[in-house]
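Q: I'm passing along work.cif; it holds mmCIF, C-alpha atoms.
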```cif
data_target
loop_
_atom_site.label_atom_id
_atom_site.label_comp_id
_atom_site.auth_asym_id
_atom_site.auth_seq_id
_atom_site.Cartn_x
_atom_site.Cartn_y
_atom_site.Cartn_z
CA MET A 1 193.27 157.82 160.47
CA ARG A 2 191.72 154.40 161.04
CA GLU A 3 189.15 156.09 163.31
CA VAL A 4 188.20 158.54 160.56
CA PHE A 5 187.86 155.70 158.09
CA GLN A 6 185.51 153.70 160.32
CA GLN A 7 183.47 156.85 160.91
CA GLU A 8 183.21 157.40 157.14
CA LEU A 9 182.07 153.84 156.56
CA ARG A 10 179.39 154.22 159.22
CA GLU A 11 178.34 157.40 157.47
CA VAL A 12 177.97 155.57 154.15
CA GLN A 13 175.62 153.06 155.76
CA GLU A 14 173.70 155.69 157.67
CA ARG A 15 173.18 157.74 154.54
CA LEU A 16 171.88 154.73 152.62
CA VAL A 17 169.34 154.18 155.40
CA GLU A 18 168.49 157.88 155.45
CA ILE A 19 167.76 157.94 151.71
CA SER A 20 165.70 154.77 152.00
CA GLU A 21 163.68 156.41 154.80
CA LEU A 22 163.01 159.46 152.63
CA VAL A 23 161.94 157.17 149.78
CA THR A 24 159.56 155.44 152.19
CA VAL A 25 158.04 158.78 153.19
CA ALA A 26 157.76 159.71 149.51
CA ILE A 27 155.95 156.52 148.47
CA THR A 28 153.71 156.63 151.55
CA ASN A 29 152.61 160.17 150.73
CA ALA A 30 152.50 159.60 146.98
CA THR A 31 150.24 156.57 147.20
CA GLU A 32 147.98 158.32 149.72
CA ALA A 33 147.84 161.41 147.48
CA PHE A 34 147.07 159.12 144.54
CA ASN A 35 144.37 157.08 146.25
CA GLU A 36 142.73 159.95 148.15
CA SER A 37 143.26 162.70 145.58
CA ASN A 38 145.19 164.80 148.08
CA VAL A 39 146.89 167.56 146.08
CA THR A 40 148.72 169.10 149.04
CA LEU A 41 150.40 165.80 149.79
CA ALA A 42 151.17 165.28 146.08
CA GLU A 43 152.89 168.66 145.89
CA MET A 44 154.91 167.87 148.98
CA VAL A 45 156.25 164.67 147.40
CA ILE A 46 157.13 166.56 144.21
CA ALA A 47 158.91 169.33 146.13
CA GLU A 48 160.88 166.91 148.31
CA ASP A 49 162.27 164.71 145.53
CA SER A 50 165.25 166.96 144.84
CA LYS A 51 166.41 166.25 148.40
CA ILE A 52 166.66 162.54 147.59
CA ASP A 53 168.54 163.30 144.35
CA ALA A 54 171.04 165.49 146.19
CA LEU A 55 171.60 162.94 148.95
CA ALA A 56 172.18 160.14 146.43
CA SER A 57 174.69 162.24 144.52
CA SER A 58 176.58 163.24 147.64
CA LEU A 59 176.63 159.63 148.85
CA ASP A 60 178.28 158.60 145.56
CA GLU A 61 180.83 161.33 146.05
CA LEU A 62 181.59 160.17 149.59
CA ALA A 63 181.93 156.55 148.42
CA ILE A 64 184.35 157.50 145.65
CA ASN A 65 186.42 159.59 148.06
CA ILE A 66 186.69 156.66 150.43
CA LEU A 67 187.82 154.40 147.59
CA ALA A 68 190.41 156.94 146.52
CA LEU A 69 191.81 157.83 149.92
CA GLN A 70 191.31 154.75 152.10
CA GLN A 71 191.54 151.86 149.64
CA PRO A 72 189.24 149.66 151.68
CA VAL A 73 189.31 145.86 151.40
CA ALA A 74 187.00 142.93 152.16
CA ARG A 75 183.77 143.88 153.91
CA ASP A 76 184.68 147.57 154.06
CA LEU A 77 185.09 147.56 150.29
CA ARG A 78 181.77 145.79 149.87
CA ILE A 79 180.00 148.50 151.87
CA VAL A 80 181.36 151.21 149.61
CA VAL A 81 180.70 149.29 146.40
CA THR A 82 177.14 148.52 147.50
CA ALA A 83 176.50 152.20 148.15
CA LEU A 84 177.68 153.04 144.64
CA ARG A 85 175.53 150.32 143.13
CA VAL A 86 172.29 151.07 144.98
CA SER A 87 172.24 154.85 145.24
CA SER A 88 170.88 155.33 141.73
CA SER A 89 168.12 152.75 142.30
CA LEU A 90 167.07 154.55 145.49
CA GLU A 91 167.08 157.82 143.59
CA ARG A 92 164.95 156.21 140.89
CA MET A 93 162.45 154.97 143.48
CA GLY A 94 162.11 158.56 144.63
CA ASP A 95 161.48 159.63 141.03
CA ILE A 96 158.76 157.03 140.66
CA ALA A 97 157.05 158.18 143.86
CA GLU A 98 157.17 161.67 142.34
CA HIS A 99 155.57 160.40 139.11
CA ILE A 100 152.72 158.82 141.11
CA ALA A 101 152.23 162.13 142.92
CA GLN A 102 152.23 163.98 139.59
CA LEU A 103 149.40 161.82 138.29
CA ALA A 104 147.42 162.68 141.44
CA ARG A 105 148.08 166.38 140.93
CA TYR A 106 147.14 166.40 137.22
CA ARG A 107 143.78 164.79 137.88
CA TYR A 108 142.91 166.70 141.04
CA PRO A 109 140.14 167.14 142.20
CA ASP A 110 139.20 163.92 140.37
CA LYS A 111 140.76 160.64 141.39
CA VAL A 112 143.17 159.12 138.91
CA VAL A 113 141.58 155.70 138.99
CA LYS A 114 137.98 154.73 138.33
CA LYS A 115 136.07 153.06 141.12
CA SER A 116 136.41 149.53 139.76
CA LEU A 117 140.20 149.59 140.09
CA ARG A 118 140.61 151.60 143.28
CA GLN A 119 140.98 148.61 145.54
CA THR A 120 143.65 147.12 143.28
CA PHE A 121 145.69 150.32 143.37
CA ALA A 122 145.21 150.71 147.11
CA GLU A 123 146.68 147.23 147.51
CA MET A 124 149.59 147.92 145.12
CA GLY A 125 150.33 151.11 147.02
CA ARG A 126 150.21 149.33 150.36
CA LEU A 127 152.65 146.71 149.09
CA ASP A 128 155.01 149.38 147.70
CA VAL A 129 155.07 151.11 151.11
CA GLU A 130 155.62 147.75 152.81
CA ILE A 131 158.50 146.92 150.50
CA ALA A 132 160.12 150.32 151.07
CA LYS A 133 159.92 149.83 154.84
CA LYS A 134 161.47 146.39 154.56
CA LEU A 135 164.22 147.77 152.37
CA THR A 136 165.09 150.34 155.02
CA VAL A 137 165.33 147.66 157.70
CA LEU A 138 167.33 145.44 155.34
CA LEU A 139 169.84 148.25 154.81
CA GLN A 140 170.08 148.72 158.59
CA THR A 141 170.31 145.11 159.63
CA GLU A 142 171.36 143.14 156.51
CA ASP A 143 168.76 140.59 157.59
CA ILE A 144 168.57 138.62 154.37
CA ALA A 145 165.24 136.99 155.28
CA LEU A 146 163.71 140.38 154.43
CA ALA A 147 164.92 140.04 150.84
CA ASP A 148 162.75 136.93 150.45
CA GLU A 149 159.73 138.72 151.90
CA MET A 150 160.33 141.58 149.49
CA ARG A 151 160.40 139.16 146.57
CA ASN A 152 157.04 137.77 147.71
CA ASP A 153 155.56 141.26 147.93
CA ASP A 154 156.94 141.98 144.48
CA ASP A 155 155.28 138.85 143.07
CA LYS A 156 151.95 140.04 144.48
CA ILE A 157 152.45 143.45 142.89
CA ASP A 158 153.23 141.81 139.55
CA GLU A 159 149.95 139.87 139.77
CA LEU A 160 148.02 143.04 140.54
CA HIS A 161 149.79 144.79 137.64
CA VAL A 162 148.64 142.03 135.27
CA SER A 163 145.11 142.22 136.70
CA VAL A 164 144.99 145.95 135.92
CA PHE A 165 145.71 145.23 132.26
CA ASP A 166 143.15 142.42 132.25
CA ALA A 167 140.57 144.90 133.53
CA VAL A 168 141.49 147.65 131.08
CA LEU A 169 141.51 145.28 128.11
CA GLY A 170 138.35 143.45 129.18
CA SER A 171 134.89 144.10 127.79
CA HIS A 172 133.68 145.85 130.96
CA TRP A 173 136.16 148.71 130.76
CA LYS A 174 134.31 151.97 130.17
CA GLY A 175 137.20 154.39 130.65
CA GLU A 176 138.08 157.18 128.24
CA ALA A 177 141.55 157.23 126.64
CA VAL A 178 142.79 159.54 129.41
CA ASP A 179 141.75 156.99 132.04
CA THR A 180 143.44 154.21 130.13
CA VAL A 181 146.68 156.18 129.79
CA ASP A 182 146.75 157.14 133.46
CA VAL A 183 145.95 153.65 134.71
CA THR A 184 148.61 152.14 132.42
CA LEU A 185 151.29 154.53 133.64
CA ALA A 186 150.23 154.30 137.28
CA SER A 187 150.30 150.52 137.26
CA ARG A 188 153.70 150.52 135.61
CA TYR A 189 155.08 152.97 138.22
CA HIS A 190 153.80 150.90 141.13
CA GLU A 191 155.36 147.78 139.62
CA ARG A 192 158.73 149.38 138.80
CA PHE A 193 159.04 150.82 142.31
CA ALA A 194 158.98 147.30 143.74
CA ASP A 195 161.37 145.98 141.07
CA HIS A 196 163.99 148.52 142.11
CA ALA A 197 163.62 147.55 145.76
CA VAL A 198 164.12 143.89 144.91
CA SER A 199 167.17 144.67 142.80
CA ILE A 200 168.67 146.63 145.73
CA ALA A 201 167.93 143.69 148.04
CA LYS A 202 170.01 141.43 145.76
CA LYS A 203 172.92 143.82 146.04
CA VAL A 204 172.64 143.95 149.83
CA GLN A 205 172.79 140.16 149.78
CA TYR A 206 176.23 140.52 148.19
CA LEU A 207 177.18 143.02 150.87
CA ALA A 208 176.14 140.65 153.64
CA THR A 209 177.61 137.47 152.25
CA GLY A 210 180.33 138.50 149.80
CA GLU A 211 178.81 135.99 147.41
CA TRP A 212 178.27 137.03 143.86
CA GLN A 213 175.04 135.76 142.38
CA GLY A 214 174.75 137.79 139.24
CA ALA A 215 173.60 140.61 141.46
CA THR A 216 173.20 143.01 138.53
CA ALA A 217 170.04 141.59 136.99
CA SER A 218 166.99 143.52 138.10
CA MET B 1 201.76 142.82 138.15
CA ARG B 2 201.43 146.36 136.82
CA GLU B 3 201.08 144.87 133.34
CA VAL B 4 198.20 142.65 134.45
CA PHE B 5 196.52 145.61 136.09
CA GLN B 6 196.68 147.76 132.94
CA GLN B 7 195.35 144.84 130.94
CA GLU B 8 192.42 144.47 133.35
CA LEU B 9 191.60 148.16 133.12
CA ARG B 10 191.58 147.96 129.33
CA GLU B 11 189.27 145.00 129.66
CA VAL B 12 186.83 147.00 131.80
CA GLN B 13 186.64 149.67 129.14
CA GLU B 14 186.38 147.18 126.28
CA ARG B 15 183.56 145.35 128.02
CA LEU B 16 181.62 148.56 128.57
CA VAL B 17 181.91 149.25 124.85
CA GLU B 18 180.95 145.66 124.01
CA ILE B 19 177.77 145.86 126.12
CA SER B 20 176.90 149.22 124.59
CA GLU B 21 177.32 147.68 121.12
CA LEU B 22 174.98 144.83 122.01
CA VAL B 23 172.46 147.35 123.35
CA THR B 24 172.71 149.23 120.04
CA VAL B 25 172.01 146.03 118.10
CA ALA B 26 169.09 145.31 120.45
CA ILE B 27 167.44 148.71 120.04
CA THR B 28 168.07 148.71 116.26
CA ASN B 29 166.34 145.35 115.89
CA ALA B 30 163.65 146.10 118.47
CA THR B 31 162.57 149.35 116.83
CA GLU B 32 162.60 147.74 113.37
CA ALA B 33 160.57 144.78 114.71
CA PHE B 34 158.20 147.27 116.32
CA ASN B 35 157.76 149.51 113.28
CA GLU B 36 157.65 146.78 110.64
CA SER B 37 155.90 144.09 112.69
CA ASN B 38 158.80 141.67 112.24
CA VAL B 39 158.25 138.85 114.71
CA THR B 40 161.47 136.98 113.90
CA LEU B 41 163.52 140.05 114.71
CA ALA B 42 161.46 140.63 117.88
CA GLU B 43 162.15 137.11 119.08
CA MET B 44 165.84 137.53 118.39
CA VAL B 45 165.98 140.64 120.61
CA ILE B 46 164.12 138.81 123.38
CA ALA B 47 166.42 135.79 123.17
CA GLU B 48 169.61 137.87 123.18
CA ASP B 49 168.82 140.00 126.21
CA SER B 50 170.16 137.49 128.72
CA LYS B 51 173.58 137.91 127.09
CA ILE B 52 173.57 141.60 128.00
CA ASP B 53 172.48 140.80 131.56
CA ALA B 54 175.28 138.26 131.97
CA LEU B 55 177.93 140.61 130.56
CA ALA B 56 176.82 143.44 132.86
CA SER B 57 176.98 141.17 135.89
CA SER B 58 180.41 139.82 135.01
CA LEU B 59 181.69 143.35 134.37
CA ASP B 60 180.61 144.33 137.88
CA GLU B 61 182.43 141.33 139.24
CA LEU B 62 185.61 142.24 137.36
CA ALA B 63 185.39 145.84 138.59
CA ILE B 64 184.99 144.77 142.21
CA ASN B 65 187.91 142.36 141.90
CA ILE B 66 190.12 145.13 140.58
CA LEU B 67 189.11 147.39 143.47
CA ALA B 68 189.87 144.62 145.95
CA LEU B 69 193.17 143.43 144.52
CA GLN B 70 194.71 146.46 142.78
CA GLN B 71 193.43 149.38 144.81
CA PRO B 72 193.52 151.74 141.85
CA VAL B 73 193.78 155.52 142.25
CA ALA B 74 193.06 158.65 140.21
CA ARG B 75 191.95 157.98 136.63
CA ASP B 76 192.29 154.20 137.03
CA LEU B 77 189.89 154.34 139.94
CA ARG B 78 187.48 156.49 137.96
CA ILE B 79 187.40 153.90 135.17
CA VAL B 80 186.43 151.15 137.61
CA VAL B 81 183.88 153.28 139.46
CA THR B 82 182.29 154.39 136.19
CA ALA B 83 181.91 150.78 135.10
CA LEU B 84 180.13 149.97 138.37
CA ARG B 85 177.86 152.98 138.02
CA VAL B 86 176.85 152.51 134.37
CA SER B 87 176.60 148.74 133.99
CA SER B 88 173.09 148.58 135.45
CA SER B 89 171.87 151.41 133.19
CA LEU B 90 173.22 149.59 130.13
CA GLU B 91 171.52 146.43 131.31
CA ARG B 92 168.31 148.38 131.76
CA MET B 93 168.56 149.78 128.22
CA GLY B 94 168.74 146.19 127.00
CA ASP B 95 165.62 145.36 129.04
CA ILE B 96 163.76 148.26 127.47
CA ALA B 97 164.73 147.16 123.95
CA GLU B 98 163.35 143.75 124.93
CA HIS B 99 160.07 145.33 126.13
CA ILE B 100 159.69 147.12 122.77
CA ALA B 101 160.30 143.81 121.00
CA GLN B 102 157.71 142.10 123.24
CA LEU B 103 155.06 144.63 122.23
CA ALA B 104 155.83 143.85 118.58
CA ARG B 105 155.52 140.13 119.23
CA TYR B 106 152.24 140.38 121.15
CA ARG B 107 150.54 142.32 118.38
CA TYR B 108 151.98 140.39 115.45
CA PRO B 109 150.83 140.19 112.64
CA ASP B 110 149.26 143.58 113.42
CA LYS B 111 151.41 146.60 113.94
CA VAL B 112 151.48 147.96 117.48
CA VAL B 113 150.80 151.54 116.45
CA LYS B 114 147.95 152.91 114.40
CA LYS B 115 148.78 154.66 111.14
CA SER B 116 148.43 158.18 112.50
CA LEU B 117 151.30 157.69 114.97
CA ARG B 118 153.66 155.51 112.94
CA GLN B 119 155.84 158.33 111.76
CA THR B 120 156.22 159.63 115.30
CA PHE B 121 157.36 156.23 116.55
CA ALA B 122 159.67 155.72 113.58
CA GLU B 123 161.35 159.00 114.51
CA MET B 124 161.57 158.10 118.22
CA GLY B 125 163.10 154.75 117.27
CA ARG B 126 165.58 156.39 114.92
CA LEU B 127 166.66 158.78 117.69
CA ASP B 128 167.01 155.93 120.22
CA VAL B 129 169.29 154.05 117.80
CA GLU B 130 171.25 157.25 117.15
CA ILE B 131 171.69 157.88 120.86
CA ALA B 132 172.86 154.28 121.46
CA LYS B 133 175.46 154.62 118.70
CA LYS B 134 176.71 157.89 120.16
CA LEU B 135 176.89 156.31 123.59
CA THR B 136 179.12 153.54 122.24
CA VAL B 137 181.48 156.06 120.66
CA LEU B 138 181.42 158.15 123.84
CA LEU B 139 182.48 155.11 125.87
CA GLN B 140 185.28 154.44 123.37
CA THR B 141 186.59 157.96 122.98
CA GLU B 142 185.31 159.94 126.00
CA ASP B 143 184.56 162.70 123.49
CA ILE B 144 182.35 164.83 125.71
CA ALA B 145 180.86 166.76 122.77
CA LEU B 146 178.83 163.62 122.12
CA ALA B 147 177.15 163.99 125.51
CA ASP B 148 175.70 167.33 124.37
CA GLU B 149 174.45 165.81 121.14
CA MET B 150 172.82 163.01 123.12
CA ARG B 151 171.06 165.53 125.33
CA ASN B 152 169.70 167.25 122.20
CA ASP B 153 168.46 163.93 120.82
CA ASP B 154 166.86 163.21 124.19
CA ASP B 155 165.06 166.58 124.13
CA LYS B 156 163.62 165.69 120.72
CA ILE B 157 162.45 162.32 122.03
CA ASP B 158 160.79 164.02 125.00
CA GLU B 159 158.89 166.30 122.59
CA LEU B 160 157.75 163.33 120.54
CA HIS B 161 156.72 161.53 123.75
CA VAL B 162 154.54 164.51 124.71
CA SER B 163 153.09 164.65 121.19
CA VAL B 164 152.05 160.98 121.48
CA PHE B 165 150.01 161.79 124.59
CA ASP B 166 148.53 164.86 122.90
CA ALA B 167 147.40 162.62 120.04
CA VAL B 168 145.98 159.90 122.29
CA LEU B 169 144.14 162.39 124.50
CA GLY B 170 142.91 164.50 121.57
CA SER B 171 139.45 164.28 120.05
CA HIS B 172 140.68 162.55 116.88
CA TRP B 173 141.96 159.44 118.67
CA LYS B 174 139.88 156.44 117.62
CA GLY B 175 141.96 153.69 119.24
CA GLU B 176 140.55 150.95 121.42
CA ALA B 177 141.81 150.58 125.00
CA VAL B 178 144.39 148.03 123.84
CA ASP B 179 145.83 150.56 121.37
CA THR B 180 145.93 153.22 124.06
CA VAL B 181 147.73 150.92 126.50
CA ASP B 182 150.30 149.80 123.94
CA VAL B 183 151.01 153.29 122.66
CA THR B 184 151.37 154.59 126.21
CA LEU B 185 153.85 151.89 127.17
CA ALA B 186 155.73 152.05 123.87
CA SER B 187 156.19 155.79 124.11
CA ARG B 188 157.36 155.50 127.69
CA TYR B 189 159.90 152.80 126.74
CA HIS B 190 161.32 154.88 123.89
CA GLU B 191 161.66 157.86 126.19
CA ARG B 192 163.25 155.95 129.10
CA PHE B 193 165.80 154.31 126.81
CA ALA B 194 167.16 157.74 125.92
CA ASP B 195 167.06 158.92 129.55
CA HIS B 196 169.33 156.07 130.58
CA ALA B 197 171.80 156.90 127.80
CA VAL B 198 171.93 160.53 128.92
CA SER B 199 172.46 159.51 132.53
CA ILE B 200 175.38 157.27 131.47
CA ALA B 201 176.83 160.15 129.46
CA LYS B 202 176.88 162.28 132.63
CA LYS B 203 178.85 159.59 134.40
CA VAL B 204 181.33 159.31 131.55
CA GLN B 205 181.83 163.06 131.88
CA TYR B 206 183.03 162.41 135.41
CA LEU B 207 185.33 159.68 134.10
CA ALA B 208 186.84 162.02 131.53
CA THR B 209 187.21 165.09 133.70
CA GLY B 210 187.23 163.88 137.30
CA GLU B 211 184.76 166.67 137.99
CA TRP B 212 181.73 165.83 140.04
CA GLN B 213 178.58 167.52 138.83
CA GLY B 214 175.91 165.68 140.71
CA ALA B 215 176.38 162.91 138.21
CA THR B 216 173.76 160.72 139.86
CA ALA B 217 170.61 162.52 138.75
CA SER B 218 169.12 160.90 135.69
#
```
Just dump the structure as C-alpha cells.
A:
Amino acid sequence: MREVFQQELREVQERLVEISELVTVAITNATEAFNESNVTLAEMVIAEDSKIDALASSLDELAINILALQQPVARDLRIVVTALRVSSSLERMGDIAEHIAQLARYRYPDKVVKKSLRQTFAEMGRLDVEIAKKLTVLLQTEDIALADEMRNDDDKIDELHVSVFDAVLGSHWKGEAVDTVDVTLASRYHERFADHAVSIAKKVQYLATGEWQGATAS
Amino acid sequence: MREVFQQELREVQERLVEISELVTVAITNATEAFNESNVTLAEMVIAEDSKIDALASSLDELAINILALQQPVARDLRIVVTALRVSSSLERMGDIAEHIAQLARYRYPDKVVKKSLRQTFAEMGRLDVEIAKKLTVLLQTEDIALADEMRNDDDKIDELHVSVFDAVLGSHWKGEAVDTVDVTLASRYHERFADHAVSIAKKVQYLATGEWQGATAS
C-alpha cells in the first residue's frame, strides 16, 4: 500500500513536469508562429491545447483521489496540494499560447505586428519561452533560485509590455485600428503568460520549504 | 475535536462566500466607476483589492491546515479541495475589477469609452455584476441551476465582446489609438471576469455532486 502511495506521488510530480513541458512546446511554437507568420505551426498549437486541458483535469482527479484514499501528511501533502493549486495556471498558460497562435492564424499571410515592434515581440516571446523552460526545471528540481530568475525575466517582460503601449500611443504610430487591437491583445497575452509562471513558482516555493508567504497572490 | 473540525469546515465555506461578496462589491463599483467616470469609486476599488488577496491567501492556508490536521474524507474533503481550487479564481476576479477601475482612473475626467459603445459596456458590466451575485448565492446554496444561468450570462457577454471588436474594426470607428487600446482591454477584462465565474461554478458542481466532469477547463 505504501509502495502504491509513493508511486502515485511520483506520478503527480511527473505529470506536473509533463504538462509544463507541453506548455513550453506550445509557447515555443506559438511565438515562432506569431513572429514568423507560420500558419502550420499556429494550427498545431491550437490543435494540441486540448491535450494540456485533459492532462490538467486528470492530474486534479489523481490529486483528489490521493487525498481521499491516502490522507497524506507533511511534504507528501504539500506535493498534492501544490498540484491542485498549479494545474489550472498551467492550463491557462496553454490557453494563452493558443491565443497567440490564433492571432498568427487570423492575420496569415500577414504578420500580426508591424515592423517597428517586431523586435520587441521577438524579445517578449523569447523571454516567455525561457520562463516556461525554467518553470519545468523548477518543477523537476525545486531549485528555488530559478524562481528569482523567473521574476527577473517577468520584470523584463513587464517593461517590454509598457514599451509596446508607449509605442502605440506615441505620435509615430501609424497602425490601423486592427493593428492596434492585435498588438494590445498580443502584448497582454505575452505578459500574462509570464505572470502565471511566476505565480506557480511562488507555490512551488511553498512545496519546497513548507513556508507560507501569501502564496496565492499572482 | 469533531466539533472544532465542523466549525473549521463551516468557516471555509463562509470565507468563500465572504470573498465572493467582496468581489461582487468590487465589480459593482468598478463598472459604475468605468461607465460614469467616477474616480472616487475607482480609487476605492483599487484600494480594497489587497483585502481580497489577503483573504484568498489565508483561506488557502486554512484549507491546507485542515487537510494536514483533520484528514477529511468524502464531502468534507470536497469542501476543502474546492476552496483550494477556486480561491485563486476569486482573487483573479478581484484583480480584473481593479483593472477596470484603473482604466476609469487613467481616463478621468473623460469616459473610457466613446458614446457609440457605452451601451454595450453598460450591458457587459451589468451582466458581470449579475454573474458575481449568482456566484455568491451558488457558493452559499450549491444550487446548481445557477451555474446554468451563469453560463447563459457568459454567452451574452461573449457576444457583446465580439460586437465590440466588430465596432472597432468596422469602417465607422473614429477612435484614436488610445481609445482602441482602452476599449480592447476593457472588453477583454469584462469577458474574462465572467469566464472565471463560470469556471468556479464548474468546480462547485463537483463539490455538490462529487462527479468529476473535467472541472479544470475554464
Q: Can you list, as a VMD selection string, every protein, DNA or RNA residue that comes within 8 Å of His161 in chain A when you count all atoms listed in the file, leaving out same-chain residues fewer than 2 positions away?
A: chain A and resid 157 to 159 163 to 165 187 to 188 191
Q: Only residues of chain B matter here; which ones have an atom within 7 Å of chain A, counting all atoms listed in the file? Give them as a ChimeraX atom specification.
A: /B:53,56-57,68,71,73,84-85,88,168-169,177-178,180-181,184,214-217
Q: Now that the selection is made, can you save its residues with C-alpha atoms as a PDB file, in the coordinates of the input?
A:
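Result written to out_30.pdb:
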```
ATOM      1  CA  ASP B  53     172.480 140.800 131.560  1.00  0.00           C
ATOM      2  CA  ALA B  56     176.820 143.440 132.860  1.00  0.00           C
ATOM      3  CA  SER B  57     176.980 141.170 135.890  1.00  0.00           C
ATOM      4  CA  ALA B  68     189.870 144.620 145.950  1.00  0.00           C
ATOM      5  CA  GLN B  71     193.430 149.380 144.810  1.00  0.00           C
ATOM      6  CA  VAL B  73     193.780 155.520 142.250  1.00  0.00           C
ATOM      7  CA  LEU B  84     180.130 149.970 138.370  1.00  0.00           C
ATOM      8  CA  ARG B  85     177.860 152.980 138.020  1.00  0.00           C
ATOM      9  CA  SER B  88     173.090 148.580 135.450  1.00  0.00           C
ATOM     10  CA  VAL B 168     145.980 159.900 122.290  1.00  0.00           C
ATOM     11  CA  LEU B 169     144.140 162.390 124.500  1.00  0.00           C
ATOM     12  CA  ALA B 177     141.810 150.580 125.000  1.00  0.00           C
ATOM     13  CA  VAL B 178     144.390 148.030 123.840  1.00  0.00           C
ATOM     14  CA  THR B 180     145.930 153.220 124.060  1.00  0.00           C
ATOM     15  CA  VAL B 181     147.730 150.920 126.500  1.00  0.00           C
ATOM     16  CA  THR B 184     151.370 154.590 126.210  1.00  0.00           C
ATOM     17  CA  GLY B 214     175.910 165.680 140.710  1.00  0.00           C
ATOM     18  CA  ALA B 215     176.380 162.910 138.210  1.00  0.00           C
ATOM     19  CA  THR B 216     173.760 160.720 139.860  1.00  0.00           C
ATOM     20  CA  ALA B 217     170.610 162.520 138.750  1.00  0.00           C
TER      21      ALA B 217
END
```
Q: Taking 2 positions as the minimum chain separation for residues in the same chain, which residues sit within 7 Å of range 113-120 of chain A when counting only C-alpha atoms? Answer as an MDAnalysis selection string.
A: chainID A and resid 111 122:124 160 183
Q: What residues come out when you apply the PyMOL selection byres ((chain B and resi 28) around 10) to this file, written as an mmCIF file with C-alpha atoms, keeping the file's coordinate frame?
A:
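What landed in expr08.cif:
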```
data_model
loop_
_atom_site.group_PDB
_atom_site.id
_atom_site.type_symbol
_atom_site.label_atom_id
_atom_site.label_comp_id
_atom_site.auth_asym_id
_atom_site.auth_seq_id
_atom_site.Cartn_x
_atom_site.Cartn_y
_atom_site.Cartn_z
ATOM 1 C CA LEU B 22 174.980 144.830 122.010
ATOM 2 C CA VAL B 23 172.460 147.350 123.350
ATOM 3 C CA THR B 24 172.710 149.230 120.040
ATOM 4 C CA VAL B 25 172.010 146.030 118.100
ATOM 5 C CA ALA B 26 169.090 145.310 120.450
ATOM 6 C CA ILE B 27 167.440 148.710 120.040
ATOM 7 C CA ASN B 29 166.340 145.350 115.890
ATOM 8 C CA ALA B 30 163.650 146.100 118.470
ATOM 9 C CA THR B 31 162.570 149.350 116.830
ATOM 10 C CA GLU B 32 162.600 147.740 113.370
ATOM 11 C CA ALA B 33 160.570 144.780 114.710
ATOM 12 C CA PHE B 34 158.200 147.270 116.320
ATOM 13 C CA LEU B 41 163.520 140.050 114.710
ATOM 14 C CA VAL B 45 165.980 140.640 120.610
ATOM 15 C CA ALA B 97 164.730 147.160 123.950
ATOM 16 C CA GLY B 125 163.100 154.750 117.270
ATOM 17 C CA ARG B 126 165.580 156.390 114.920
ATOM 18 C CA ASP B 128 167.010 155.930 120.220
ATOM 19 C CA VAL B 129 169.290 154.050 117.800
ATOM 20 C CA GLU B 130 171.250 157.250 117.150
ATOM 21 C CA ALA B 132 172.860 154.280 121.460
ATOM 22 C CA LYS B 133 175.460 154.620 118.700
#
```
Q: Could you pull the residues within 9 Å of Val204 in chain A, counting all atoms listed in the file, minus those fewer than 6 positions along the same chain, as a PDB file with C-alpha atoms, keeping the file's coordinate frame?
A:
```pdb
ATOM      1  CA  ILE A  79     180.000 148.500 151.870  1.00  0.00           C
ATOM      2  CA  THR A  82     177.140 148.520 147.500  1.00  0.00           C
ATOM      3  CA  VAL A  86     172.290 151.070 144.980  1.00  0.00           C
ATOM      4  CA  LEU A 138     167.330 145.440 155.340  1.00  0.00           C
ATOM      5  CA  LEU A 139     169.840 148.250 154.810  1.00  0.00           C
ATOM      6  CA  GLU A 142     171.360 143.140 156.510  1.00  0.00           C
ATOM      7  CA  ILE A 144     168.570 138.620 154.370  1.00  0.00           C
ATOM      8  CA  ALA A 147     164.920 140.040 150.840  1.00  0.00           C
TER       9      ALA A 147
END
```
Q: Any idea what's packed within 9 Å of Ile96 in chain B, counting only C-alpha atoms, ignoring anything in its chain fewer than 2 positions away? Could you give it as number ranges by chain?
A: B: 27, 91-94, 98-101, 189-190, 192-193
Q: What gap, in Å, lies between CA of Arg105 in chain A and CA of Val162 in chain B?
A: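 One can read the CA of Arg105 in chain A to CA of Val162 in chain B distance as 17.6 Å.
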Q: Using Å and a single decimal, report how far CA of Asn35 in chain A sits from CA of Leu146 in chain A.
A: 26.8 Å
Q: State, in Å with one decimal place, the distance from CA of Tyr206 in chain A to CA of Ala201 in chain B.
A: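 CA of Tyr206 in chain A sits 27.1 Å away from CA of Ala201 in chain B.
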